[in-house]
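Undergrad: First the structure, then my questions, so here it is.
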Amino acid sequence: MTREQVRWEEVPTEIRVAVEPFLLAWLSMLPSWVEEVVVRYDDNDSENTISIKAHYPNRWAVMAIAGGYLSYPEDEREVAIIHELVHVIEEPYTLAVANLLDALLPKKDDDDPLYLLVRRTFKDGMEQTVEDLARAMVRMRAHFKQQGVEEWRTSGKQRKKSARKTSMTS
């Protein structure tokens, strides 16, 4: 994924300046199925300062950022961006589990307690896992930086090229 595949829609300059370095730094972690990331300003969502919606079949993700993002400390801003990008990575898994749950536990009505409990349990577990992964990635980067390794993130294509070169020289 490259910066050319990121489209900014009506994002105030102050927010873009705060988001863009982190987003561009971590874009390479996105799976190859993502063809475009759209970043939008959305101050209408009272629950979230930042969120992402991935659409696996159509190959895109839309990140919505509200003004409250600027109130985060800088290190938490980075974690928030990584957190949302990890959601994109886990999207195919989430879709598979949702389809499985719907097949095994059909919802009787909108207030079906068992269905709501199972969905909530999955969502809470996934949310905690995504947060743990985001924080682990920041720690891993700090560890590599401390070891003197500046550019430790590589794209899948770069890893495959490197693996091919290694196997050809062996």
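Following the order of the structure tokens, first chain is A, next is B, and so on, with residues numbered from 1 inside each chain and ligands from 1 in the order they appear.
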Neighbours of A:Ile81 within 9 Å (only C-alpha atoms; same-chain residues fewer than 4 positions away dropped), as a list in words?

TA: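 Once the nearby chain positions are removed, what remains is Val19, Phe22, Leu23, Trp26, Ile50, Ser51, Glu76, Arg77, Leu85, Val86 and Ala134 of chain A.
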
Undergrad: As a count of residues only, please: every residue in chain A that DSSP puts in strand (DSSP E).

TA: 22

Undergrad: Mind checking which residues fall within 7 Å of A:Ala64, counting only C-alpha atoms, ignoring those fewer than 4 positions away in the same chain, and posting them as a list in words?

TA: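 Those residues are Val39, Arg40, Tyr41, Asp42, Ile50, Ser51 and Ile52 of chain A.
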
Undergrad: Write out the residues from the selection above, keeping N, CA and C atoms, as an mmCIF file, in the first residue's frame.

TA:
```
data_model
loop_
_atom_site.group_PDB
_atom_site.id
_atom_site.type_symbol
_atom_site.label_atom_id
_atom_site.label_comp_id
_atom_site.auth_asym_id
_atom_site.auth_seq_id
_atom_site.Cartn_x
_atom_site.Cartn_y
_atom_site.Cartn_z
ATOM 1 N N VAL A 39 -9.750 8.570 4.033
ATOM 2 C CA VAL A 39 -9.740 9.183 5.362
ATOM 3 C C VAL A 39 -10.720 10.353 5.319
ATOM 4 N N ARG A 40 -11.684 10.327 6.233
ATOM 5 C CA ARG A 40 -12.726 11.365 6.288
ATOM 6 C C ARG A 40 -12.777 11.996 7.668
ATOM 7 N N TYR A 41 -13.212 13.227 7.668
ATOM 8 C CA TYR A 41 -13.484 13.916 8.929
ATOM 9 C C TYR A 41 -14.939 13.644 9.288
ATOM 10 N N ASP A 42 -15.173 13.205 10.540
ATOM 11 C CA ASP A 42 -16.539 12.924 10.975
ATOM 12 C C ASP A 42 -16.671 13.299 12.436
ATOM 13 N N ILE A 50 -12.057 7.993 16.523
ATOM 14 C CA ILE A 50 -11.497 7.425 15.304
ATOM 15 C C ILE A 50 -12.111 6.039 15.114
ATOM 16 N N SER A 51 -12.452 5.722 13.893
ATOM 17 C CA SER A 51 -13.004 4.403 13.596
ATOM 18 C C SER A 51 -12.649 4.042 12.165
ATOM 19 N N ILE A 52 -12.836 2.775 11.837
ATOM 20 C CA ILE A 52 -12.559 2.344 10.462
ATOM 21 C C ILE A 52 -13.601 1.327 10.052
#
```

Undergrad: I need the residue nearest A:Leu117 from this list: A:Ala96, A:Ile15, A:Leu101, A:Val130. Use only C-alpha atoms for the distance.

TA: A:Leu101

Undergrad: Please identify which residues in chain A DSSP calls alpha helix (DSSP H) from the backbone, and express them as a ChimeraX atom specification.

TA: /A:13-26,74-89,91-104,113-146,156-169

Undergrad: Grab the atom CA of A:Ala54 to atom CA of A:Trp33 distance for me, in Å with one decimal place.

TA: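 According to the coordinates, atom CA of A:Ala54 and atom CA of A:Trp33 are separated by 10.7 Å.
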
Undergrad: Could you tell me which of A:Asn48, A:Tyr115, A:Leu24, A:Gln5 comes closest to A:Asp102 if we count only C-alpha atoms?

TA: A:Tyr115

Undergrad: For each of A:Lys107, A:Val79, A:Asp112, A:Glu47, take the minimum atom-to-atom distance to A:Arg139, counting only C-alpha atoms, then give the residue where this is smallest.

TA: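 For A:Arg139, the nearest of the given residues is A:Val79.
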